[in-house]
>>> print(open('start28.txt').read())   # compact mmCIF, C-alpha atoms
# COMPACT_ATOMS: atom_id res chain seq x y z
CA MET A 29 -26.48 24.96 -78.43
CA LEU A 30 -29.62 23.99 -76.55
CA LEU A 31 -29.06 20.33 -77.43
CA LEU A 32 -25.51 20.53 -76.13
CA LEU A 33 -26.67 22.00 -72.84
CA LEU A 34 -29.31 19.30 -72.50
CA TRP A 35 -26.72 16.66 -73.20
CA TRP A 36 -24.36 18.05 -70.52
CA LEU A 37 -27.24 18.26 -68.05
CA ARG A 38 -28.22 14.67 -68.73
CA LEU A 39 -24.60 13.55 -68.32
CA TRP A 40 -24.26 15.46 -65.04
CA LEU A 41 -27.48 13.94 -63.68
CA TRP A 42 -26.37 10.49 -64.71
CA LEU A 43 -22.94 10.91 -63.01
CA TRP A 44 -24.52 12.39 -59.92
CA TRP A 45 -26.96 9.45 -59.71
CA TRP A 46 -24.20 6.89 -59.96
CA TRP A 47 -21.99 8.86 -57.54
CA TRP A 48 -24.81 8.89 -54.97
CA TRP A 49 -25.42 5.16 -55.30
CA TRP A 50 -21.70 4.34 -55.00
CA TRP A 51 -21.44 6.35 -51.79
CA LEU A 52 -24.60 4.74 -50.44
CA LEU A 53 -23.23 1.31 -51.26
CA LEU A 54 -19.94 2.19 -49.54
CA LEU A 55 -21.76 3.38 -46.43
CA LEU A 56 -23.80 0.19 -46.33
CA MET A 57 -20.65 -1.89 -46.59
CA LEU A 58 -19.05 0.06 -43.73
CA LEU A 59 -22.17 -0.39 -41.64
CA LEU A 60 -22.15 -4.13 -42.27
CA LEU A 61 -18.46 -4.26 -41.35
CA LEU A 62 -19.10 -2.42 -38.07
CA LEU A 63 -21.99 -4.74 -37.26
CA LEU A 64 -19.78 -7.75 -37.96
CA MET A 65 -17.01 -6.38 -35.69
CA LEU A 66 -19.53 -5.68 -32.94
CA TRP A 67 -20.93 -9.19 -33.24
CA LEU A 68 -17.43 -10.70 -33.04
CA TRP A 69 -16.58 -8.55 -30.02
CA LEU A 70 -19.74 -9.61 -28.20
CA LEU A 71 -19.04 -13.22 -29.08
CA LEU A 72 -15.51 -12.88 -27.70
CA VAL A 73 -16.78 -11.32 -24.46
CA VAL A 74 -19.33 -14.10 -24.00
CA VAL A 75 -16.76 -16.80 -24.72
CA VAL A 76 -14.24 -15.29 -22.29
CA HIS A 77 -16.80 -14.92 -19.51
CA ILE A 78 -18.05 -18.47 -20.08
CA HIS A 79 -14.46 -19.71 -20.04
CA VAL A 80 -13.65 -17.90 -16.80
CA PHE A 81 -16.90 -18.95 -15.18
CA VAL A 82 -16.43 -22.58 -16.18
CA ALA A 83 -12.85 -22.45 -14.91
CA CYS A 84 -14.04 -21.07 -11.58
CA GLN A 85 -16.76 -23.70 -11.40
CA CYS A 86 -14.16 -26.40 -12.05
CA LEU A 87 -11.96 -24.97 -9.31
CA CYS A 88 -14.93 -24.85 -6.99
CA VAL A 89 -15.87 -28.45 -7.72
CA LEU A 90 -12.27 -29.40 -6.95
CA LEU A 91 -12.36 -27.47 -3.69
CA GLN A 92 -15.69 -29.00 -2.71
CA LEU A 93 -14.41 -32.54 -3.04
CA PRO A 94 -11.98 -33.18 -0.19
CA GLN A 95 -11.93 -36.85 -1.10
CA THR A 96 -10.20 -35.93 -4.40
CA ASN A 97 -8.24 -32.86 -3.21
CA THR A 98 -6.74 -32.93 0.26
CA THR A 99 -3.53 -31.01 -0.48
CA LEU A 100 -4.36 -27.58 -1.97
CA THR A 101 -3.77 -24.92 0.68
CA SER A 102 -3.04 -21.83 -1.44
CA LEU A 103 -4.87 -20.49 -4.50
CA ASN A 104 -3.70 -17.40 -6.43
CA LEU A 105 -6.11 -15.94 -9.03
CA VAL A 106 -4.63 -12.43 -9.27
CA LEU A 107 -5.36 -10.34 -12.39
CA ASN A 108 -8.07 -12.44 -13.96
CA ARG A 109 -11.64 -11.59 -14.94
CA ILE A 110 -13.51 -13.62 -12.39
CA GLY A 111 -16.17 -11.04 -11.59
CA ASP A 112 -19.24 -11.53 -9.41
CA ALA A 113 -20.25 -14.94 -10.77
CA GLY A 114 -16.84 -16.57 -10.37
CA ALA A 115 -16.29 -15.12 -6.91
CA THR A 116 -19.73 -16.31 -5.82
CA ALA A 117 -18.90 -19.82 -7.04
CA LEU A 118 -15.63 -19.74 -5.08
CA ALA A 119 -17.53 -18.56 -2.02
CA THR A 120 -19.85 -21.56 -2.32
CA ALA A 121 -16.80 -23.82 -2.40
CA LEU A 122 -15.35 -22.22 0.72
CA GLN A 123 -18.43 -23.21 2.71
CA THR A 124 -17.45 -26.89 2.47
CA ASN A 125 -13.71 -26.86 1.67
CA THR A 126 -11.51 -27.78 4.65
CA THR A 127 -7.97 -27.47 3.26
CA LEU A 128 -7.54 -24.04 1.63
CA THR A 129 -5.78 -21.56 3.92
CA SER A 130 -4.85 -18.75 1.50
CA LEU A 131 -6.97 -17.18 -1.29
CA ASN A 132 -5.71 -14.28 -3.43
CA LEU A 133 -8.29 -12.55 -5.66
CA GLN A 134 -6.50 -9.25 -6.34
CA PHE A 135 -7.79 -7.17 -9.28
CA ASN A 136 -10.74 -9.32 -10.35
CA ASP A 137 -13.58 -6.79 -10.23
CA ILE A 138 -15.65 -8.99 -7.94
CA GLY A 139 -17.68 -6.03 -6.61
CA ASP A 140 -20.89 -7.18 -4.93
CA ALA A 141 -19.65 -10.78 -4.68
CA ALA A 142 -17.74 -9.72 -1.56
CA ALA A 143 -21.01 -10.36 0.27
CA ALA A 144 -20.97 -13.99 -0.90
CA LEU A 145 -17.39 -14.42 0.32
CA ALA A 146 -18.40 -12.87 3.63
CA THR A 147 -21.20 -15.43 3.98
CA ALA A 148 -18.70 -18.21 3.33
CA LEU A 149 -16.40 -16.88 6.05
CA GLN A 150 -19.15 -17.32 8.61
CA THR A 151 -18.88 -21.11 8.29
CA ASN A 152 -15.38 -21.67 6.88
CA THR A 153 -12.90 -22.73 9.56
CA THR A 154 -9.63 -23.12 7.62
CA LEU A 155 -8.98 -19.97 5.56
CA THR A 156 -6.42 -17.75 7.30
CA GLU A 157 -5.48 -15.29 4.51
CA LEU A 158 -7.83 -13.44 2.15
CA ASP A 159 -6.56 -10.84 -0.35
CA LEU A 160 -9.21 -8.74 -2.12
CA TYR A 161 -6.99 -5.82 -3.17
CA GLY A 162 -8.36 -3.74 -6.04
CA ASN A 163 -11.88 -5.17 -6.35
CA ARG A 164 -14.21 -2.17 -5.81
CA ILE A 165 -16.14 -3.82 -2.99
CA GLY A 166 -16.96 -0.44 -1.42
CA ASP A 167 -18.48 0.21 1.99
CA ALA A 168 -21.16 -2.43 1.40
CA GLY A 169 -18.61 -5.18 0.82
CA ALA A 170 -16.50 -4.06 3.78
CA THR A 171 -19.57 -4.06 6.02
CA ALA A 172 -20.51 -7.58 4.91
CA LEU A 173 -17.00 -8.81 5.64
CA ALA A 174 -17.10 -7.07 9.02
CA THR A 175 -20.26 -8.96 9.92
CA ALA A 176 -18.52 -12.22 9.01
CA LEU A 177 -15.49 -11.33 11.13
CA GLN A 178 -17.69 -11.14 14.21
CA ILE A 179 -18.31 -14.88 13.78
CA ASN A 180 -15.16 -16.13 12.05
CA THR A 181 -12.26 -17.04 14.36
CA THR A 182 -9.70 -18.42 11.90
CA LEU A 183 -8.95 -15.61 9.43
CA THR A 184 -5.79 -13.80 10.53
CA SER A 185 -4.88 -11.65 7.49
CA LEU A 186 -7.30 -9.50 5.46
CA ILE A 187 -6.15 -7.25 2.60
CA LEU A 188 -8.75 -4.75 1.40
CA GLY A 189 -6.56 -2.11 -0.24
CA LYS A 190 -7.83 -0.05 -3.18
CA ASN A 191 -11.48 -0.94 -2.72
CA ASP A 192 -13.16 2.46 -2.47
CA ILE A 193 -13.84 1.92 1.24
CA GLY A 194 -14.78 5.03 3.18
CA ASP A 195 -15.47 5.88 6.81
CA ALA A 196 -18.61 3.72 6.93
CA GLY A 197 -16.78 0.58 5.87
CA ALA A 198 -13.84 1.31 8.17
CA THR A 199 -16.21 1.84 11.11
CA ALA A 200 -17.91 -1.50 10.45
CA LEU A 201 -14.54 -3.26 10.33
CA ALA A 202 -13.49 -1.51 13.53
CA THR A 203 -16.54 -2.87 15.33
CA ALA A 204 -15.61 -6.39 14.22
CA LEU A 205 -12.01 -5.95 15.39
CA GLN A 206 -13.13 -5.49 18.97
CA THR A 207 -14.09 -9.16 19.17
CA ASN A 208 -12.33 -10.78 16.18
CA THR A 209 -8.92 -12.55 16.17
CA LEU A 210 -7.53 -10.86 13.03
CA THR A 211 -3.81 -10.04 13.29
CA SER A 212 -3.20 -8.11 10.04
CA LEU A 213 -5.52 -5.59 8.33
CA ASN A 214 -4.51 -3.75 5.14
CA LEU A 215 -6.72 -0.81 4.13
CA THR A 216 -4.25 0.99 1.90
CA SER A 217 -5.41 3.33 -0.90
CA ASN A 218 -9.01 3.81 0.19
CA ARG A 219 -11.08 6.88 1.18
CA ILE A 220 -10.81 6.58 4.95
CA GLY A 221 -10.81 9.89 6.78
CA ALA A 222 -10.53 11.00 10.39
CA ALA A 223 -13.85 9.39 11.36
CA GLY A 224 -12.81 5.98 10.07
CA ALA A 225 -9.39 6.24 11.69
CA THR A 226 -11.00 7.22 15.00
CA ALA A 227 -13.24 4.15 14.86
CA LEU A 228 -10.23 1.92 14.17
CA ALA A 229 -8.41 3.57 17.06
CA THR A 230 -11.26 2.63 19.38
CA ALA A 231 -10.91 -0.97 18.22
CA LEU A 232 -7.20 -0.95 19.12
CA HIS A 233 -8.12 -0.76 22.81
CA ASN A 234 -9.27 -4.37 22.63
CA THR A 235 -7.82 -6.40 19.73
CA THR A 236 -5.34 -9.03 18.60
CA LEU A 237 -4.24 -6.90 15.64
CA THR A 238 -0.47 -6.71 15.17
CA SER A 239 -0.31 -4.88 11.82
CA LEU A 240 -2.50 -2.00 10.57
CA ASN A 241 -1.89 -0.42 7.16
CA LEU A 242 -3.64 2.87 6.36
CA HIS A 243 -1.21 3.93 3.65
CA PHE A 244 -2.66 6.47 1.18
CA ASN A 245 -5.84 7.51 2.95
CA PHE A 246 -6.99 10.86 4.32
CA ILE A 247 -6.93 10.48 8.10
CA GLY A 248 -5.25 13.84 8.82
CA ALA A 249 -3.91 15.03 12.15
CA ALA A 250 -7.18 14.20 13.91
CA GLY A 251 -7.09 10.58 12.77
CA ALA A 252 -3.43 10.24 13.71
CA THR A 253 -4.10 11.71 17.15
CA ALA A 254 -6.90 9.21 17.78
CA LEU A 255 -4.62 6.32 16.79
CA ALA A 256 -1.85 7.75 18.97
CA THR A 257 -4.16 7.83 21.99
CA ALA A 258 -5.00 4.17 21.40
CA LEU A 259 -1.31 3.27 21.15
CA GLN A 260 -0.74 4.48 24.69
CA THR A 261 -2.69 1.49 26.02
CA ASN A 262 -2.55 -0.99 23.12
CA THR A 263 -0.33 -4.01 23.77
CA THR A 264 -0.52 -5.94 20.49
CA LEU A 265 0.18 -3.68 17.50
CA THR A 266 3.76 -3.99 16.20
CA ALA A 267 3.50 -2.27 12.78
CA LEU A 268 1.59 0.91 11.84
CA ASP A 269 1.69 2.39 8.33
CA LEU A 270 0.29 5.92 7.93
CA SER A 271 2.50 6.86 4.99
CA ILE A 272 1.70 8.87 1.84
CA ASN A 273 -1.08 11.41 1.49
CA ASN A 274 -2.49 11.14 4.99
CA GLY A 275 -1.45 14.69 5.85
CA ILE A 276 -0.88 14.14 9.55
CA GLY A 277 1.66 17.00 9.71
CA ASP A 278 3.57 18.09 12.80
CA ALA A 279 0.47 17.82 15.00
CA GLY A 280 -0.11 14.18 14.12
CA ALA A 281 3.58 13.34 14.44
CA THR A 282 3.71 15.00 17.85
CA ALA A 283 0.72 12.99 19.06
CA LEU A 284 2.34 9.76 17.87
CA ALA A 285 5.58 10.77 19.57
CA THR A 286 3.73 11.14 22.87
CA ALA A 287 2.36 7.64 22.43
CA LEU A 288 5.82 6.23 21.74
CA GLN A 289 7.01 7.40 25.15
CA THR A 290 4.73 4.85 26.83
CA ASN A 291 4.02 2.25 24.14
CA THR A 292 6.08 -0.93 24.53
CA THR A 293 5.02 -3.06 21.54
CA LEU A 294 5.26 -1.01 18.32
CA THR A 295 8.42 -1.87 16.36
CA GLU A 296 7.73 -0.33 12.93
CA LEU A 297 6.29 3.12 12.18
CA PHE A 298 5.85 4.40 8.62
CA LEU A 299 5.19 8.14 8.28
CA ALA A 300 6.52 8.87 4.78
CA GLY A 301 4.89 11.64 2.75
CA ASN A 302 2.99 13.37 5.56
CA ARG A 303 4.29 16.96 5.49
CA ILE A 304 6.14 16.48 8.78
CA GLY A 305 8.59 19.28 9.49
CA ASP A 306 11.28 19.98 12.09
CA ALA A 307 8.74 20.31 14.91
CA GLY A 308 7.31 16.85 14.29
CA ALA A 309 10.77 15.33 13.85
CA THR A 310 11.91 16.92 17.11
CA ALA A 311 8.94 15.48 18.98
CA LEU A 312 9.68 12.02 17.57
CA ALA A 313 13.32 12.44 18.56
CA THR A 314 12.32 13.19 22.14
CA ALA A 315 10.26 10.00 22.20
CA LEU A 316 13.19 7.96 20.88
CA GLN A 317 15.27 8.93 23.90
CA THR A 318 13.00 6.85 26.14
CA ASN A 319 11.35 4.36 23.75
CA THR A 320 12.97 0.92 23.86
CA THR A 321 10.93 -1.08 21.29
CA LEU A 322 10.79 0.84 17.99
CA THR A 323 13.31 -0.62 15.53
CA SER A 324 12.26 1.02 12.25
CA LEU A 325 11.19 4.64 11.57
CA ASN A 326 10.33 5.81 8.05
CA LEU A 327 10.17 9.59 7.51
CA TYR A 328 10.76 9.58 3.73
CA ILE A 329 9.41 12.53 1.66
CA ASN A 330 8.70 15.01 4.44
CA ASP A 331 9.85 18.55 5.22
CA ILE A 332 12.56 17.78 7.77
CA GLY A 333 15.56 20.09 7.69
CA ASP A 334 18.85 20.34 9.59
CA ALA A 335 17.07 21.18 12.85
CA GLY A 336 14.96 18.03 12.74
CA ALA A 337 17.93 15.90 11.71
CA THR A 338 19.97 17.35 14.57
CA ALA A 339 17.23 16.47 17.08
CA LEU A 340 17.08 12.91 15.74
CA ALA A 341 20.87 12.67 15.94
CA THR A 342 20.76 13.70 19.59
CA ALA A 343 18.21 10.98 20.28
CA LEU A 344 20.37 8.38 18.53
CA GLN A 345 23.17 9.03 21.00
CA THR A 346 21.04 7.50 23.77
CA ASN A 347 18.68 5.20 21.85
CA THR A 348 19.97 1.64 21.44
CA THR A 349 17.01 -0.13 19.80
CA LEU A 350 16.35 1.73 16.53
CA THR A 351 18.11 -0.12 13.69
CA SER A 352 16.58 1.49 10.57
CA LEU A 353 16.06 5.21 9.95
CA ILE A 354 14.80 6.53 6.61
CA LEU A 355 15.20 10.27 6.06
CA GLY A 356 15.37 10.30 2.27
CA SER A 357 13.87 13.14 0.22
CA ASN A 358 13.81 15.75 2.98
CA ASP A 359 15.67 19.08 3.30
CA ILE A 360 18.72 17.89 5.23
CA GLY A 361 22.02 19.55 4.40
CA ALA A 362 25.64 19.15 5.47
CA ALA A 363 24.94 20.40 8.99
CA GLY A 364 22.25 17.81 9.68
CA ALA A 365 24.35 15.05 8.14
CA THR A 366 27.29 16.03 10.36
CA TYR A 367 25.21 15.73 13.53
CA LEU A 368 23.90 12.35 12.36
CA ALA A 369 27.47 11.26 11.70
CA THR A 370 28.47 12.15 15.25
CA ALA A 371 25.62 10.03 16.60
CA LEU A 372 26.61 7.09 14.39
CA GLN A 373 29.97 6.81 16.14
CA THR A 374 28.24 5.51 19.27
CA ASN A 375 24.77 4.44 18.06
CA THR A 376 23.68 0.90 17.04
CA LEU A 377 21.84 1.89 13.83
CA THR A 378 22.38 -0.62 10.98
CA SER A 379 20.54 1.12 8.10
CA LEU A 380 20.43 4.85 7.28
CA ASN A 381 18.75 6.34 4.21
CA LEU A 382 19.59 9.97 3.35
CA GLN A 383 18.96 9.85 -0.39
CA LEU A 384 17.76 12.94 -2.27
CA ASN A 385 18.79 15.50 0.32
CA GLY A 386 21.62 18.01 -0.10
CA ILE A 387 24.43 16.90 2.18
CA GLY A 388 27.20 17.46 -0.40
CA ASP A 389 30.88 16.66 0.09
CA ALA A 390 30.94 18.10 3.62
CA GLY A 391 28.16 15.84 4.82
CA ALA A 392 29.65 12.82 3.06
CA THR A 393 33.01 13.50 4.69
CA ALA A 394 31.47 13.60 8.16
CA LEU A 395 29.58 10.35 7.54
CA ALA A 396 32.71 8.69 6.16
CA THR A 397 34.53 9.47 9.39
CA ALA A 398 31.68 7.97 11.40
CA LEU A 399 31.76 4.76 9.36
CA GLN A 400 35.07 3.81 10.91
CA THR A 401 33.37 3.03 14.23
CA SER A 402 29.65 2.72 13.40
CA THR A 403 27.50 -0.43 13.21
CA LEU A 404 25.94 0.57 9.86
CA THR A 405 25.58 -2.14 7.22
CA SER A 406 23.56 -0.05 4.73
CA LEU A 407 23.92 3.63 3.85
CA ASP A 408 22.02 5.33 0.99
CA LEU A 409 23.41 8.70 -0.11
CA SER A 410 22.12 8.71 -3.70
CA GLY A 411 21.12 12.08 -5.16
CA ASN A 412 23.06 14.24 -2.68
CA ASP A 413 25.37 16.26 -4.94
CA ILE A 414 28.44 14.41 -3.70
CA GLY A 415 31.53 15.01 -5.84
CA ASP A 416 35.04 13.59 -6.08
CA ALA A 417 36.08 14.87 -2.65
CA GLY A 418 33.17 13.13 -0.89
CA ALA A 419 33.67 9.94 -2.86
CA LYS A 420 37.38 9.91 -1.98
CA VAL A 421 36.84 10.08 1.78
CA MET A 422 34.09 7.48 1.49
CA GLY A 423 36.53 5.23 -0.33
CA ASP A 424 39.09 5.74 2.41
CA ALA A 425 36.49 4.73 5.00
CA LEU A 426 35.70 1.56 3.08
CA ARG A 427 39.33 0.56 3.28
CA TYR A 428 39.43 0.98 7.06
CA GLU A 429 40.37 -2.43 8.44
CA CYS A 430 37.74 -2.49 11.19
CA PHE A 431 34.86 -1.40 8.94
CA ASN A 432 32.35 -4.15 8.18
CA PHE A 433 30.11 -2.33 5.69
CA ALA A 434 27.82 -4.28 3.38
CA SER A 435 25.97 -1.73 1.24
CA THR A 436 26.38 1.88 0.17
CA GLY A 437 24.61 4.05 -2.38
CA LEU A 438 26.33 7.05 -3.91
CA ALA A 439 24.61 7.09 -7.29
>>> encode(input="start28.txt", output="structure tokens")
Amino acid sequence: MLLLLLWWLRLWLWLWWWWWWWWLLLLLMLLLLLLLMLWLWLLLVVVVHIHVFVACQCLCVLLQLPQTNTTLTSLNLVLNRIGDAGATALATALQTNTTLTSLNLQFNDIGDAAAALATALQTNTTLTELDLYGNRIGDAGATALATALQINTTLTSLILGKNDIGDAGATALATALQTNTLTSLNLTSNRIGAAGATALATALHNTTLTSLNLHFNFIGAAGATALATALQTNTTLTALDLSINNGIGDAGATALATALQTNTTLTELFLAGNRIGDAGATALATALQTNTTLTSLNLYINDIGDAGATALATALQTNTTLTSLILGSNDIGAAGATYLATALQTNTLTSLNLQLNGIGDAGATALATALQTSTLTSLDLSGNDIGDAGAKVMGDALRYECFNFASTGLA
């Protein structure tokens, strides 16, 4: 019995020993495999970066040799992996190149290399368009570019959207705008607040800027009010985009409306997604009764109801310059649609967007009647709970012999 127990113990120890070594061997193999995969991944990263860098260097050599390249005027490198090194090489090329007028470097993670591009802009005299959207240049990069703009007199369009630029960067750019000849500045999807917007507003008192895009920032009512004050004396800006997540509300809309009563240059105003209600819409409507330059007004995704729509309809009965009005995704019902329809019978509007409201068959019927004499070429009524009755009267309007309608949306 004792011998049997000793034999079983010896067998168990022997099995345990081999089991331990097999597991150890397996773990070692897995570790070697992971090390091999890591080595291959690092090799791939190095090869890719070398490839991109060499490609950028080749492009730069090409750009630096006007005797071999005298035709390239536009270069698009969107969605690559150029990074700091490649962008710096391109910046070096720009210091001597005399043919390139447009450079697009969207989504290349160039980061700190924005400073190198800014240095190039101080001597380059041909580039007119620079797009750095989505490159994380931050306030430091924006400030460097602002310094260059105080010297550069040829760049007319600068796109700096989605670059983590805050009030400091916006303020630096605003200072440059007071003396620079830039005509279009895009700062969409950054972190600019009321302070940055106020600085930009100050720049609008003395600038050549015709288009300013502050879409998806955080300027609030205070920032909108500062810009509105500037618009009362500004004579160059034709397009202003304050849409989505700026939270200007009724107060900001009212301030802008006051500016529109005296401004004579702005033609496009984008205020979508700003929590503007009936009070703000009414103020804008009052401005439209005297404004003679605004042609496009975008109030998509706000809180405008029948009262605001009615006020806008009243304004349309006297306004003869507005051609595009977007009121989609608000709280407009049949009553508001009916008042708008009445205005359309005498107004010169060519495009009206009322999608995603709740006008129903009654509102559609009123609009269908207006179509017989209106100047509309595009009408969007998608997502409005319109049934067979509304579709029928719309169909009858489309058959009206004097109706020259090009586009309708009832989906």
>>> atom_distance(input="start28.txt", atom1="atom CA of Gly221 of chain A", atom2="atom CA of Ala176 of chain A")
23.5 Å
>>> closest_residue(input="start28.txt", among="A:Leu122, A:Gly189, A:Thr290, A:Leu68", to="Asn245 of chain A", atoms="all atoms listed in the file")
A:Gly189
>>> closest_residue(input="start28.txt", among="A:Ile329, A:Ala307, A:Ala365, A:Ala425", to="Ala279 of chain A", atoms="only C-alpha atoms")
A:Ala307
>>> closest_residue(input="start28.txt", among="A:Ala398, A:Ala309, A:Leu384, A:Ala146", to="Asn358 of chain A", atoms="only C-alpha atoms")
A:Leu384
>>> closest_residue(input="start28.txt", among="A:Ile187, A:Ala174, A:Ile179, A:Leu268", to="Ala200 of chain A", atoms="only C-alpha atoms")
A:Ala174
>>> decode(input="start28.txt", residues="segment 233-272 of chain A", atoms="C-alpha atoms", output="CSV table (one decimal), in the first residue's frame")
chain,number,residue,atom,x,y,z
A,233,HIS,CA,-14.3,98.1,-37.8
A,234,ASN,CA,-11.3,98.2,-40.0
A,235,THR,CA,-10.9,95.2,-42.3
A,236,THR,CA,-11.2,93.8,-45.8
A,237,LEU,CA,-12.9,90.6,-44.6
A,238,THR,CA,-15.9,89.6,-46.5
A,239,SER,CA,-16.7,86.2,-44.9
A,240,LEU,CA,-16.4,85.2,-41.2
A,241,ASN,CA,-17.3,81.7,-40.1
A,242,LEU,CA,-17.7,81.0,-36.3
A,243,HIS,CA,-19.9,77.9,-36.7
A,244,PHE,CA,-19.8,75.6,-33.7
A,245,ASN,CA,-18.1,77.8,-31.1
A,246,PHE,CA,-19.3,79.3,-27.8
A,247,ILE,CA,-19.7,83.0,-28.4
A,248,GLY,CA,-23.0,83.4,-26.6
A,249,ALA,CA,-25.3,86.4,-26.6
A,250,ALA,CA,-22.4,88.7,-25.5
A,251,GLY,CA,-20.2,87.6,-28.5
A,252,ALA,CA,-23.1,88.0,-30.9
A,253,THR,CA,-23.9,91.5,-29.5
A,254,ALA,CA,-20.3,92.6,-30.0
A,255,LEU,CA,-20.3,91.4,-33.6
A,256,ALA,CA,-23.7,93.1,-34.2
A,257,THR,CA,-22.3,96.4,-33.0
A,258,ALA,CA,-19.5,96.1,-35.4
A,259,LEU,CA,-21.9,95.3,-38.3
A,260,GLN,CA,-23.5,98.7,-37.8
A,261,THR,CA,-20.4,100.4,-39.2
A,262,ASN,CA,-18.7,97.5,-41.2
A,263,THR,CA,-18.8,98.0,-44.9
A,264,THR,CA,-17.1,94.8,-46.2
A,265,LEU,CA,-18.5,91.7,-44.6
A,266,THR,CA,-21.1,89.9,-46.8
A,267,ALA,CA,-21.4,86.5,-45.0
A,268,LEU,CA,-21.5,85.7,-41.3
A,269,ASP,CA,-22.0,82.2,-39.9
A,270,LEU,CA,-22.8,81.9,-36.2
A,271,SER,CA,-24.7,78.6,-36.5
A,272,ILE,CA,-24.8,75.6,-34.2
